[in-house]
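What's in start-v2.cif: mmCIF, C-alpha atoms
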data_start
loop_
_atom_site.label_atom_id
_atom_site.label_comp_id
_atom_site.auth_asym_id
_atom_site.auth_seq_id
_atom_site.Cartn_x
_atom_site.Cartn_y
_atom_site.Cartn_z
CA MET A 1 -88.82 -70.26 -77.97
CA MET A 2 -87.53 -67.63 -75.56
CA LEU A 3 -89.50 -67.23 -72.36
CA ILE A 4 -90.16 -63.68 -71.19
CA PRO A 5 -90.44 -63.14 -67.43
CA ALA A 6 -94.01 -62.78 -66.26
CA HIS A 7 -93.38 -59.47 -64.51
CA HIS A 8 -92.94 -57.80 -67.90
CA PHE A 9 -96.69 -58.15 -68.48
CA ARG A 10 -99.50 -56.33 -66.75
CA ASN A 11 -103.09 -57.45 -66.77
CA ILE A 12 -105.54 -54.67 -67.59
CA GLU A 13 -108.89 -55.06 -65.91
CA ARG A 14 -111.85 -52.87 -66.79
CA LYS A 15 -114.36 -54.04 -64.21
CA PRO A 16 -114.80 -52.19 -60.91
CA GLU A 17 -114.82 -55.55 -59.08
CA TYR A 18 -111.07 -55.77 -59.69
CA LEU A 19 -110.52 -53.02 -57.13
CA GLN A 20 -111.49 -55.39 -54.31
CA PRO A 21 -112.56 -52.54 -52.02
CA GLU A 22 -113.00 -54.90 -49.09
CA LYS A 23 -109.21 -55.47 -49.09
CA CYS A 24 -108.31 -51.79 -49.34
CA VAL A 25 -108.62 -50.02 -46.02
CA PRO A 26 -109.19 -46.26 -46.45
CA PRO A 27 -106.01 -44.28 -45.76
CA PRO A 28 -105.62 -42.57 -42.37
CA HIS A 29 -105.74 -38.83 -42.02
CA PRO A 30 -102.54 -37.11 -43.18
CA SER A 31 -99.93 -36.76 -40.46
CA ALA A 32 -98.95 -33.39 -39.18
CA VAL A 33 -96.08 -31.61 -40.87
CA GLY A 34 -92.78 -32.53 -39.24
CA THR A 35 -93.90 -35.95 -38.02
CA MET A 36 -90.90 -38.24 -37.69
CA TRP A 37 -90.55 -41.05 -40.21
CA PHE A 38 -88.80 -44.22 -39.01
CA ILE A 39 -88.56 -47.68 -40.57
CA ARG A 40 -88.63 -50.56 -38.07
CA ASP A 41 -86.23 -52.84 -39.90
CA GLY A 42 -83.71 -54.82 -37.84
CA CYS A 43 -81.02 -54.91 -40.53
CA GLY A 44 -81.39 -51.21 -41.27
CA ILE A 45 -81.26 -50.22 -37.60
CA ALA A 46 -78.12 -52.35 -37.12
CA CYS A 47 -76.45 -50.74 -40.16
CA ALA A 48 -77.35 -47.26 -38.91
CA ILE A 49 -75.83 -48.04 -35.49
CA VAL A 50 -72.66 -49.38 -37.16
CA THR A 51 -72.43 -46.18 -39.21
CA TRP A 52 -72.53 -44.01 -36.10
CA PHE A 53 -70.04 -46.28 -34.32
CA LEU A 54 -67.53 -46.02 -37.19
CA VAL A 55 -67.79 -42.24 -37.28
CA LEU A 56 -67.35 -42.01 -33.51
CA TYR A 57 -64.38 -44.40 -33.69
CA ALA A 58 -62.75 -42.11 -36.24
CA GLU A 59 -63.46 -39.17 -33.91
CA PHE A 60 -61.76 -40.98 -31.03
CA VAL A 61 -58.63 -41.88 -32.98
CA VAL A 62 -58.25 -38.47 -34.60
CA LEU A 63 -58.69 -36.57 -31.33
CA PHE A 64 -57.05 -38.76 -28.69
CA VAL A 65 -54.35 -40.45 -30.76
CA MET A 66 -53.26 -37.78 -33.22
CA LEU A 67 -54.40 -34.25 -32.35
CA ILE A 68 -54.48 -33.86 -28.57
CA PRO A 69 -50.98 -35.33 -27.91
CA SER A 70 -49.47 -33.12 -30.62
CA ARG A 71 -47.39 -30.12 -29.52
CA ASP A 72 -48.30 -28.21 -32.67
CA TYR A 73 -51.37 -26.48 -31.27
CA VAL A 74 -52.23 -24.60 -34.46
CA TYR A 75 -52.20 -27.86 -36.45
CA SER A 76 -54.35 -29.59 -33.83
CA ILE A 77 -56.90 -26.79 -33.52
CA ILE A 78 -57.39 -26.27 -37.26
CA ASN A 79 -57.66 -29.96 -38.10
CA GLY A 80 -59.82 -30.62 -35.06
CA ILE A 81 -62.33 -27.94 -36.03
CA VAL A 82 -62.47 -29.06 -39.68
CA PHE A 83 -62.81 -32.76 -38.87
CA ASN A 84 -65.44 -32.28 -36.17
CA LEU A 85 -67.45 -29.92 -38.37
CA LEU A 86 -67.48 -32.43 -41.23
CA ALA A 87 -68.34 -35.27 -38.85
CA PHE A 88 -71.23 -33.28 -37.38
CA LEU A 89 -72.60 -32.47 -40.84
CA ALA A 90 -72.26 -36.11 -41.86
CA LEU A 91 -74.20 -37.38 -38.84
CA ALA A 92 -76.80 -34.63 -39.22
CA SER A 93 -77.28 -35.58 -42.87
CA HIS A 94 -77.56 -39.22 -41.86
CA CYS A 95 -80.30 -38.42 -39.35
CA ARG A 96 -82.22 -36.31 -41.87
CA ALA A 97 -81.95 -39.02 -44.54
CA MET A 98 -83.11 -41.65 -42.06
CA LEU A 99 -85.94 -39.74 -40.38
CA THR A 100 -87.41 -37.93 -43.41
CA ASP A 101 -90.36 -39.28 -45.34
CA PRO A 102 -88.78 -40.13 -48.73
CA GLY A 103 -92.05 -39.44 -50.56
CA ALA A 104 -94.43 -42.20 -49.54
CA VAL A 105 -97.69 -42.48 -51.44
CA PRO A 106 -100.81 -42.53 -49.20
CA LYS A 107 -101.38 -46.12 -48.21
CA GLY A 108 -104.68 -47.81 -48.95
CA ASN A 109 -106.13 -45.13 -51.22
CA ALA A 110 -107.01 -47.62 -54.00
CA THR A 111 -110.61 -47.74 -52.85
CA LYS A 112 -113.61 -47.84 -55.14
CA GLU A 113 -114.76 -44.44 -53.92
CA PHE A 114 -111.40 -42.79 -54.62
CA ILE A 115 -111.13 -44.32 -58.10
CA GLU A 116 -114.63 -43.17 -58.95
CA SER A 117 -113.85 -39.68 -57.67
CA LEU A 118 -111.08 -39.38 -60.27
CA GLN A 119 -113.72 -39.52 -63.01
CA LEU A 120 -111.55 -41.35 -65.51
CA LYS A 121 -112.17 -40.56 -69.14
CA PRO A 122 -111.87 -43.05 -72.04
CA GLY A 123 -108.24 -43.89 -72.64
CA GLN A 124 -107.16 -43.05 -69.08
CA VAL A 125 -105.89 -45.59 -66.55
CA VAL A 126 -104.53 -45.66 -63.02
CA TYR A 127 -101.84 -47.90 -61.55
CA LYS A 128 -102.70 -49.92 -58.48
CA CYS A 129 -100.06 -51.47 -56.22
CA PRO A 130 -101.50 -54.77 -54.92
CA LYS A 131 -98.92 -54.89 -52.10
CA CYS A 132 -99.85 -51.68 -50.28
CA CYS A 133 -103.22 -51.13 -51.98
CA SER A 134 -102.24 -47.67 -53.24
CA ILE A 135 -102.76 -45.79 -56.46
CA LYS A 136 -99.28 -45.19 -57.84
CA PRO A 137 -98.44 -41.89 -59.49
CA ASP A 138 -95.88 -41.68 -62.24
CA ARG A 139 -92.29 -42.69 -61.28
CA ALA A 140 -93.38 -44.30 -58.01
CA HIS A 141 -92.12 -47.75 -57.01
CA HIS A 142 -92.96 -50.12 -54.18
CA CYS A 143 -90.31 -50.82 -51.51
CA SER A 144 -90.59 -54.22 -49.86
CA VAL A 145 -88.70 -53.00 -46.78
CA CYS A 146 -90.63 -49.77 -46.19
CA LYS A 147 -93.82 -51.54 -47.36
CA ARG A 148 -94.85 -48.37 -49.16
CA CYS A 149 -94.79 -46.94 -52.66
CA ILE A 150 -92.16 -44.18 -52.86
CA ARG A 151 -92.18 -41.32 -55.35
CA LYS A 152 -89.01 -41.15 -57.48
CA MET A 153 -87.52 -44.04 -55.50
CA ASP A 154 -83.84 -44.52 -56.32
CA HIS A 155 -83.03 -47.43 -54.01
CA HIS A 156 -83.39 -48.60 -50.41
CA CYS A 157 -80.21 -47.96 -48.45
CA PRO A 158 -79.73 -50.03 -45.26
CA TRP A 159 -77.00 -47.64 -44.05
CA VAL A 160 -79.62 -44.90 -43.59
CA ASN A 161 -82.43 -47.39 -42.87
CA ASN A 162 -84.65 -45.71 -45.42
CA CYS A 163 -85.47 -45.36 -49.08
CA VAL A 164 -83.78 -42.66 -51.11
CA GLY A 165 -86.62 -40.82 -52.77
CA GLU A 166 -88.01 -37.47 -53.75
CA ASN A 167 -87.91 -35.81 -50.32
CA ASN A 168 -84.62 -37.08 -48.84
CA GLN A 169 -82.26 -37.51 -51.79
CA LYS A 170 -80.49 -34.26 -50.90
CA TYR A 171 -79.69 -35.52 -47.39
CA PHE A 172 -78.37 -38.81 -48.76
CA VAL A 173 -76.11 -36.97 -51.23
CA LEU A 174 -74.78 -34.75 -48.43
CA PHE A 175 -74.24 -37.79 -46.21
CA THR A 176 -72.11 -39.55 -48.82
CA MET A 177 -70.20 -36.34 -49.58
CA TYR A 178 -69.33 -35.56 -45.96
CA ILE A 179 -68.38 -39.16 -45.19
CA ALA A 180 -66.04 -39.14 -48.19
CA LEU A 181 -64.51 -35.85 -47.02
CA ILE A 182 -63.87 -36.97 -43.43
CA SER A 183 -62.44 -40.26 -44.74
CA LEU A 184 -60.02 -38.37 -46.98
CA HIS A 185 -59.16 -35.95 -44.17
CA ALA A 186 -58.48 -38.80 -41.75
CA LEU A 187 -56.23 -40.60 -44.25
CA ILE A 188 -54.18 -37.44 -44.82
CA MET A 189 -53.75 -36.87 -41.07
CA VAL A 190 -52.75 -40.50 -40.52
CA GLY A 191 -50.11 -40.17 -43.24
CA PHE A 192 -48.63 -37.05 -41.67
CA HIS A 193 -48.77 -38.65 -38.24
CA PHE A 194 -46.86 -41.74 -39.33
CA LEU A 195 -44.16 -39.63 -40.98
CA HIS A 196 -43.81 -37.39 -37.96
CA CYS A 197 -43.69 -40.23 -35.46
CA PHE A 198 -41.18 -42.36 -37.31
CA GLU A 199 -38.95 -39.34 -37.76
CA GLU A 200 -38.96 -38.06 -34.20
CA ASP A 201 -40.86 -39.59 -31.32
CA TRP A 202 -41.06 -43.27 -32.14
CA THR A 203 -37.40 -43.45 -33.15
CA ASN A 204 -36.36 -42.18 -29.72
CA LEU A 205 -38.89 -44.37 -27.96
CA LEU A 206 -37.85 -47.57 -29.72
CA GLN A 207 -34.20 -46.80 -29.14
CA ALA A 208 -34.86 -46.33 -25.44
CA TYR A 209 -36.67 -49.66 -25.25
CA GLY A 210 -33.89 -51.28 -27.27
CA LEU A 211 -31.24 -50.21 -24.79
CA THR A 212 -32.92 -52.15 -22.01
CA ARG A 213 -32.58 -55.35 -24.00
CA GLU A 214 -28.90 -54.89 -24.95
CA GLU A 215 -25.93 -55.64 -22.84
CA THR A 216 -25.71 -53.08 -20.09
CA ALA A 217 -21.92 -53.14 -20.14
CA GLU A 218 -21.71 -51.37 -23.46
CA ALA A 219 -24.21 -48.72 -22.49
CA ARG A 220 -22.65 -48.43 -19.02
CA ILE A 221 -26.01 -48.39 -17.35
CA SER A 222 -25.97 -49.20 -13.69
CA LEU A 223 -28.43 -51.53 -12.05
CA HIS A 224 -29.95 -48.60 -10.26
CA GLU A 225 -30.53 -46.78 -13.54
CA LYS A 226 -32.17 -49.81 -15.11
CA LYS A 227 -34.80 -49.85 -12.39
CA GLN A 228 -35.78 -46.27 -13.12
CA PRO A 229 -38.54 -45.47 -15.60
CA LEU A 230 -37.30 -44.88 -19.11
CA LYS A 231 -37.13 -41.25 -20.11
CA VAL A 232 -37.89 -40.59 -23.73
CA SER A 233 -38.62 -37.54 -25.81
CA SER A 234 -41.36 -35.33 -24.41
CA THR A 235 -43.00 -35.06 -27.81
CA GLU A 236 -44.77 -38.41 -27.78
CA CYS A 237 -47.00 -39.52 -30.66
CA SER A 238 -49.92 -40.43 -28.44
CA SER A 239 -50.81 -41.31 -24.90
CA PHE A 240 -51.06 -44.99 -25.92
CA SER A 241 -48.25 -47.48 -26.34
CA PRO A 242 -46.68 -47.77 -29.82
CA PRO A 243 -48.33 -51.15 -30.63
CA THR A 244 -51.76 -49.87 -29.60
CA THR A 245 -51.27 -46.67 -31.55
CA VAL A 246 -50.23 -48.58 -34.67
CA ILE A 247 -53.27 -50.86 -34.45
CA LEU A 248 -55.68 -47.93 -33.99
CA LEU A 249 -54.17 -46.04 -36.91
CA ILE A 250 -54.16 -49.06 -39.23
CA LEU A 251 -57.84 -49.73 -38.47
CA LEU A 252 -58.62 -46.08 -39.16
CA CYS A 253 -56.72 -46.28 -42.46
CA PHE A 254 -58.69 -49.36 -43.50
CA GLU A 255 -61.99 -47.75 -42.53
CA GLY A 256 -61.17 -44.45 -44.21
CA LEU A 257 -60.02 -46.06 -47.46
CA LEU A 258 -63.02 -48.37 -47.64
CA PHE A 259 -65.60 -45.67 -47.02
CA LEU A 260 -63.81 -43.13 -49.20
CA ILE A 261 -64.18 -45.44 -52.21
CA PHE A 262 -67.73 -46.54 -51.38
CA THR A 263 -69.20 -43.12 -50.61
CA SER A 264 -67.40 -41.47 -53.54
CA VAL A 265 -68.99 -43.95 -55.94
CA MET A 266 -72.41 -43.47 -54.33
CA PHE A 267 -72.03 -39.69 -54.43
CA GLY A 268 -71.14 -39.81 -58.13
CA THR A 269 -74.07 -42.05 -59.04
CA GLN A 270 -76.52 -39.89 -57.10
CA VAL A 271 -75.30 -36.67 -58.70
CA HIS A 272 -75.54 -38.34 -62.12
CA SER A 273 -79.11 -39.45 -61.35
CA ILE A 274 -80.09 -35.93 -60.33
CA CYS A 275 -78.48 -34.29 -63.36
CA THR A 276 -80.08 -36.76 -65.80
CA ASP A 277 -83.39 -36.87 -63.92
CA GLU A 278 -83.30 -40.65 -63.89
CA THR A 279 -83.44 -42.78 -60.75
CA GLY A 280 -81.50 -45.99 -60.25
CA ILE A 281 -84.60 -48.14 -60.74
CA GLU A 282 -85.49 -46.28 -63.94
CA ARG A 283 -81.97 -46.84 -65.21
CA LEU A 284 -82.29 -50.58 -64.66
CA LYS A 285 -85.66 -50.66 -66.43
CA ARG A 286 -84.57 -48.42 -69.28
CA LYS A 287 -84.45 -51.23 -71.88
CA GLN A 288 -87.76 -52.80 -70.89
CA GLN A 289 -89.59 -49.55 -70.18
CA PRO A 290 -88.09 -46.64 -72.11
CA ARG A 291 -89.02 -43.31 -70.52
CA GLN A 292 -88.64 -39.86 -71.93
CA HIS A 293 -86.59 -37.84 -69.47
CA THR A 294 -84.91 -34.46 -69.69
CA GLY A 295 -82.08 -33.70 -67.34
CA SER A 296 -81.76 -30.02 -66.56
CA TRP A 297 -80.49 -27.54 -64.04
CA GLU A 298 -84.05 -27.25 -62.74
CA SER A 299 -84.01 -30.82 -61.42
CA VAL A 300 -80.78 -30.05 -59.56
CA LYS A 301 -82.25 -26.90 -58.02
CA GLN A 302 -85.42 -28.74 -57.06
CA THR A 303 -83.44 -31.47 -55.30
CA PHE A 304 -81.14 -29.14 -53.35
CA GLY A 305 -83.68 -26.42 -52.61
CA GLY A 306 -83.45 -23.49 -55.00
CA ASP A 307 -80.64 -21.54 -56.61
CA PHE A 308 -77.05 -22.33 -55.72
CA SER A 309 -76.14 -21.18 -52.22
CA LEU A 310 -74.65 -22.46 -48.99
CA ASN A 311 -78.01 -24.04 -48.20
CA TRP A 312 -77.17 -26.70 -50.75
CA PHE A 313 -74.60 -28.02 -48.26
CA ASN A 314 -76.81 -27.52 -45.21
CA PRO A 315 -78.56 -30.70 -43.98
CA PHE A 316 -81.03 -28.57 -42.02
CA SER A 317 -82.30 -26.91 -45.20
CA GLY A 318 -84.72 -29.09 -47.13
CA PRO A 319 -85.32 -29.50 -50.86
CA CYS A 320 -88.05 -27.69 -52.74
CA HIS A 321 -91.30 -29.10 -51.44
CA PRO A 322 -93.18 -30.86 -54.24
CA GLU A 323 -96.70 -29.76 -54.96
CA PRO A 324 -99.45 -31.92 -53.42
CA LEU A 325 -100.68 -34.65 -55.73
CA ARG A 326 -103.74 -33.60 -57.69
CA ASP A 327 -106.31 -35.82 -59.32
CA ARG A 328 -104.61 -35.66 -62.70
CA ASP A 329 -101.33 -36.88 -61.16
CA TRP A 330 -102.89 -40.27 -60.43
CA VAL A 331 -104.11 -40.76 -64.00
CA ARG A 332 -102.11 -41.84 -67.07
CA GLN A 333 -102.91 -42.20 -70.73
CA VAL A 334 -103.18 -45.63 -72.35
CA ALA A 335 -101.06 -44.46 -75.29
CA SER A 336 -98.06 -44.04 -73.02
CA LEU A 337 -98.28 -47.68 -72.00
CA SER A 338 -98.02 -49.22 -75.46
CA ASP A 339 -94.26 -49.71 -75.24
CA THR A 340 -94.02 -50.69 -71.61
CA ASP A 341 -96.74 -53.32 -71.55
CA ASN A 342 -95.41 -55.21 -74.58
CA THR A 343 -98.98 -55.80 -75.82
CA GLU A 344 -100.63 -55.36 -79.18
CA THR A 345 -104.09 -53.89 -79.70
CA THR A 346 -106.31 -56.09 -81.84
CA ALA A 347 -109.60 -55.25 -83.54
CA GLU A 348 -111.45 -57.25 -80.90
CA GLU A 349 -109.79 -55.31 -78.07
CA GLN A 350 -110.61 -52.02 -79.75
CA SER A 351 -114.25 -53.04 -79.94
CA GLU A 352 -114.16 -53.91 -76.22
CA GLU A 353 -112.73 -50.50 -75.41
CA GLY A 354 -115.83 -48.92 -76.87
CA LYS A 355 -117.95 -51.24 -74.79
CA TYR A 356 -116.31 -50.23 -71.53
CA LYS A 357 -115.93 -46.51 -72.09
CA ASP A 358 -117.69 -45.64 -68.86
CA SER A 359 -115.98 -48.26 -66.67
CA VAL A 360 -112.92 -47.93 -64.47
CA GLU A 361 -109.61 -49.05 -65.96
CA VAL A 362 -106.93 -50.18 -63.52
CA ILE A 363 -103.48 -51.54 -64.16
CA ASP A 364 -102.00 -53.87 -61.56
CA GLU A 365 -98.31 -53.08 -61.20
#

As structure tokens, how would this structure be written, given the file I've shared?
Amino acid sequence: MMLIPAHHFRNIERKPEYLQPEKCVPPPHPSAVGTMWFIRDGCGIACAIVTWFLVLYAEFVVLFVMLIPSRDYVYSIINGIVFNLLAFLALASHCRAMLTDPGAVPKGNATKEFIESLQLKPGQVVYKCPKCCSIKPDRAHHCSVCKRCIRKMDHHCPWVNNCVGENNQKYFVLFTMYIALISLHALIMVGFHFLHCFEEDWTNLLQAYGLTREETAEARISLHEKKQPLKVSSTECSSFSPPTTVILLILLCFEGLLFLIFTSVMFGTQVHSICTDETGIERLKRKQQPRQHTGSWESVKQTFGGDFSLNWFNPFSGPCHPEPLRDRDWVRQVASLSDTDNTETTAEEQSEEGKYKDSVEVIDE
């Protein structure tokens, strides 16, 4: 006999005592608009710091190793402006994704008074999260790191130290896009830099160093000349020594290639989720809990904040603000749970439903 995991079942309780109001503290007053959201998670904070460090390292190598020492001022100015603009937008998107409330459900609102105020009708149920003592609206999931239920939660990303949800998915998509772009830009500049240096500057520099190690008789270099500083081409690759420059560029190549692949994949999956109107968690639960979803251009516009414009790429422009949750948003119909709960309705259960028509029905999820 095949065993089915216990989490595929949900116990339906029809007695008000199941609410355990003594364990549900009433939610605090709503915070003011614009209040900063920050998750105090050690791993997430460390990952966020590493993200900033890697971007700043790329800034250092691009500016002080490749662009500033270059004599082609037009090349340096254009690439410097483009790279710094993309880096600024990437870090701004990272901050917005990290410090924006992803769509947290009010904590502790699963009180007896609130449930009774919903005035549930026969055949209607509400979901209760036993971990944060909240009533869960449709498509909300509990995050063990944020310790909150998040509306349209896709996943928890340690690199932004936050959940990716309804309110900050746009910023996360922009963050992955801009990181992929600066990674690609850095790899292209490193390629051009290596070709340029091996062709001109480093060839002359290595030849000059090689002459000091060869027999001085052939080169006819006097002892006095050997004591003088070596004079090489004025168009040096960087202000650092060749070994240091090579190490810095190789590390930048490794970082750029790694993050180009990673962020490109994340960007693609997020765009696919937005277009299909299906989060990552819903995709994983598709077989156990089939959900009727309709991907449309409206979901894309709602995520990025209206009709297509430059504001789609602006991390300082938010998505379309969702409407405040109304009483009917907390309530679901029992008929919609027949497939997800994997339960069968018997004649005895149907008779009990008539008995408890006026009682509260809560599903522990």

For A:Cys275, list every protein, DNA or RNA residue within 8 Å, evaluated using all atoms listed in the file, and leave out those in the same chain fewer than 6 positions away; present the list as a compact mmCIF listing (two decimals) with C-alpha atoms, in the coordinates of the input.
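Listed below is the output, part_39.txt:
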# COMPACT_ATOMS: atom_id res chain seq x y z
CA GLY A 295 -82.08 -33.70 -67.34
CA SER A 296 -81.76 -30.02 -66.56
CA TRP A 297 -80.49 -27.54 -64.04
CA SER A 299 -84.01 -30.82 -61.42
CA VAL A 300 -80.78 -30.05 -59.56

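Note that the spacing between atom CA of A:Gln169 and atom CA of A:Pro137 amounts to 18.4 Å.
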
Can you tell me, as a ChimeraX atom specification, what residues are no more than 6 Å from stretch 147-158 of chain A when counting all atoms listed in the file, ignoring any on the same chain fewer than 2 positions away?
-> /A:44,103-105,139-145,160-166,279-281

Taking all atoms listed in the file into account, which of A:Asn167, A:Ser264, A:Ser239, A:Ser93 comes nearest A:Trp52?
->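 Counting all atoms listed in the file, the residue closest to A:Trp52 is A:Ser93.
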
Tell me which residues the PyMOL selection byres ((chain A and resi 316) around 10) grabs here, as a ChimeraX atom specification.
-> /A:89,92-93,96,171,311-315,317-319

Selection under test: the PyMOL selection byres ((chain A and resi 61) around 10); residues as a ChimeraX atom specification | /A:56-60,62-67,186,190,238,245,248-249,251-252

Of the candidates A:Leu284, A:Asn168, A:Phe53, A:Ser76, which shows the shortest atom-to-atom distance to A:Cys320, using all atoms listed in the file?
->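 Ranking A:Leu284, A:Asn168, A:Phe53, A:Ser76 by distance to A:Cys320, first place goes to A:Asn168.
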
Please indicate the distance in Å from atom CA of A:Leu86 to atom CA of A:His193, rounded to one decimal place.
->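 Computing it gives 19.9 Å between the two atoms.
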
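From atom CA of A:Thr303 back to atom CA of A:Gln270, the distance works out to 11.0 Å.
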
Selection under test: the PyMOL selection byres ((chain A and resi 99) around 8); residues as a PyMOL selection string | chain A and resi 36-38+95-98+100-101+162

Determine the nearest neighbour of A:Cys132 from the options A:Leu258, A:Ala180, A:Ala110, A:Ile115, counting only C-alpha atoms.
->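 For A:Cys132, the nearest of the candidates is A:Ala110.
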
Is it possible to get the axis-aligned box enclosing stretch 86-99 of chain A (all listed atoms, 8 Å extra per side) as lines of an AutoDock Vina configuration file, with centre and edge lengths in Å rounded to one decimal?
center_x = -76.7
center_y = -37.0
center_z = -41.0
size_x = 34.5
size_y = 25.2
size_z = 23.2

When distances are computed from all atoms listed in the file, which of A:Val50, A:His272, A:Asn109, A:Tyr75 shows the smallest separation from A:Met189?
->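 So, comparing all the options, the nearest one is A:Tyr75.
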
Which one is closest to A:Asn84: A:Tyr127, A:Phe172, A:Phe194, A:Tyr178? Count all atoms listed in the file.
->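 Using all atoms listed in the file, A:Asn84 sits closest to A:Tyr178.
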
Please complete stretch 76-88 of chain A with N, CA and C atoms and give it back as a short mmCIF file (atom, residue, chain, number, x, y, z; two decimals), in the coordinates of the input.
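What ended up in selection33.cif:
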data_model
loop_
_atom_site.label_atom_id
_atom_site.label_comp_id
_atom_site.auth_asym_id
_atom_site.auth_seq_id
_atom_site.Cartn_x
_atom_site.Cartn_y
_atom_site.Cartn_z
N SER A 76 -53.31 -28.82 -34.52
CA SER A 76 -54.35 -29.59 -33.83
C SER A 76 -55.68 -28.84 -33.85
N ILE A 77 -55.66 -27.55 -33.59
CA ILE A 77 -56.90 -26.79 -33.52
C ILE A 77 -57.58 -26.72 -34.89
N ILE A 78 -56.80 -26.40 -35.92
CA ILE A 78 -57.39 -26.27 -37.26
C ILE A 78 -57.96 -27.60 -37.74
N ASN A 79 -57.17 -28.65 -37.64
CA ASN A 79 -57.66 -29.96 -38.10
C ASN A 79 -58.79 -30.49 -37.23
N GLY A 80 -58.73 -30.19 -35.94
CA GLY A 80 -59.82 -30.62 -35.06
C GLY A 80 -61.13 -29.96 -35.40
N ILE A 81 -61.09 -28.66 -35.67
CA ILE A 81 -62.33 -27.94 -36.03
C ILE A 81 -62.88 -28.46 -37.36
N VAL A 82 -62.01 -28.61 -38.36
CA VAL A 82 -62.47 -29.06 -39.68
C VAL A 82 -63.05 -30.47 -39.60
N PHE A 83 -62.34 -31.38 -38.92
CA PHE A 83 -62.81 -32.76 -38.87
C PHE A 83 -64.12 -32.87 -38.09
N ASN A 84 -64.21 -32.19 -36.96
CA ASN A 84 -65.44 -32.28 -36.17
C ASN A 84 -66.62 -31.63 -36.87
N LEU A 85 -66.37 -30.55 -37.62
CA LEU A 85 -67.45 -29.92 -38.37
C LEU A 85 -67.97 -30.86 -39.46
N LEU A 86 -67.06 -31.49 -40.19
CA LEU A 86 -67.48 -32.43 -41.23
C LEU A 86 -68.19 -33.64 -40.64
N ALA A 87 -67.70 -34.13 -39.50
CA ALA A 87 -68.34 -35.27 -38.85
C ALA A 87 -69.75 -34.91 -38.37
N PHE A 88 -69.90 -33.72 -37.82
CA PHE A 88 -71.23 -33.28 -37.38
C PHE A 88 -72.20 -33.17 -38.56
#
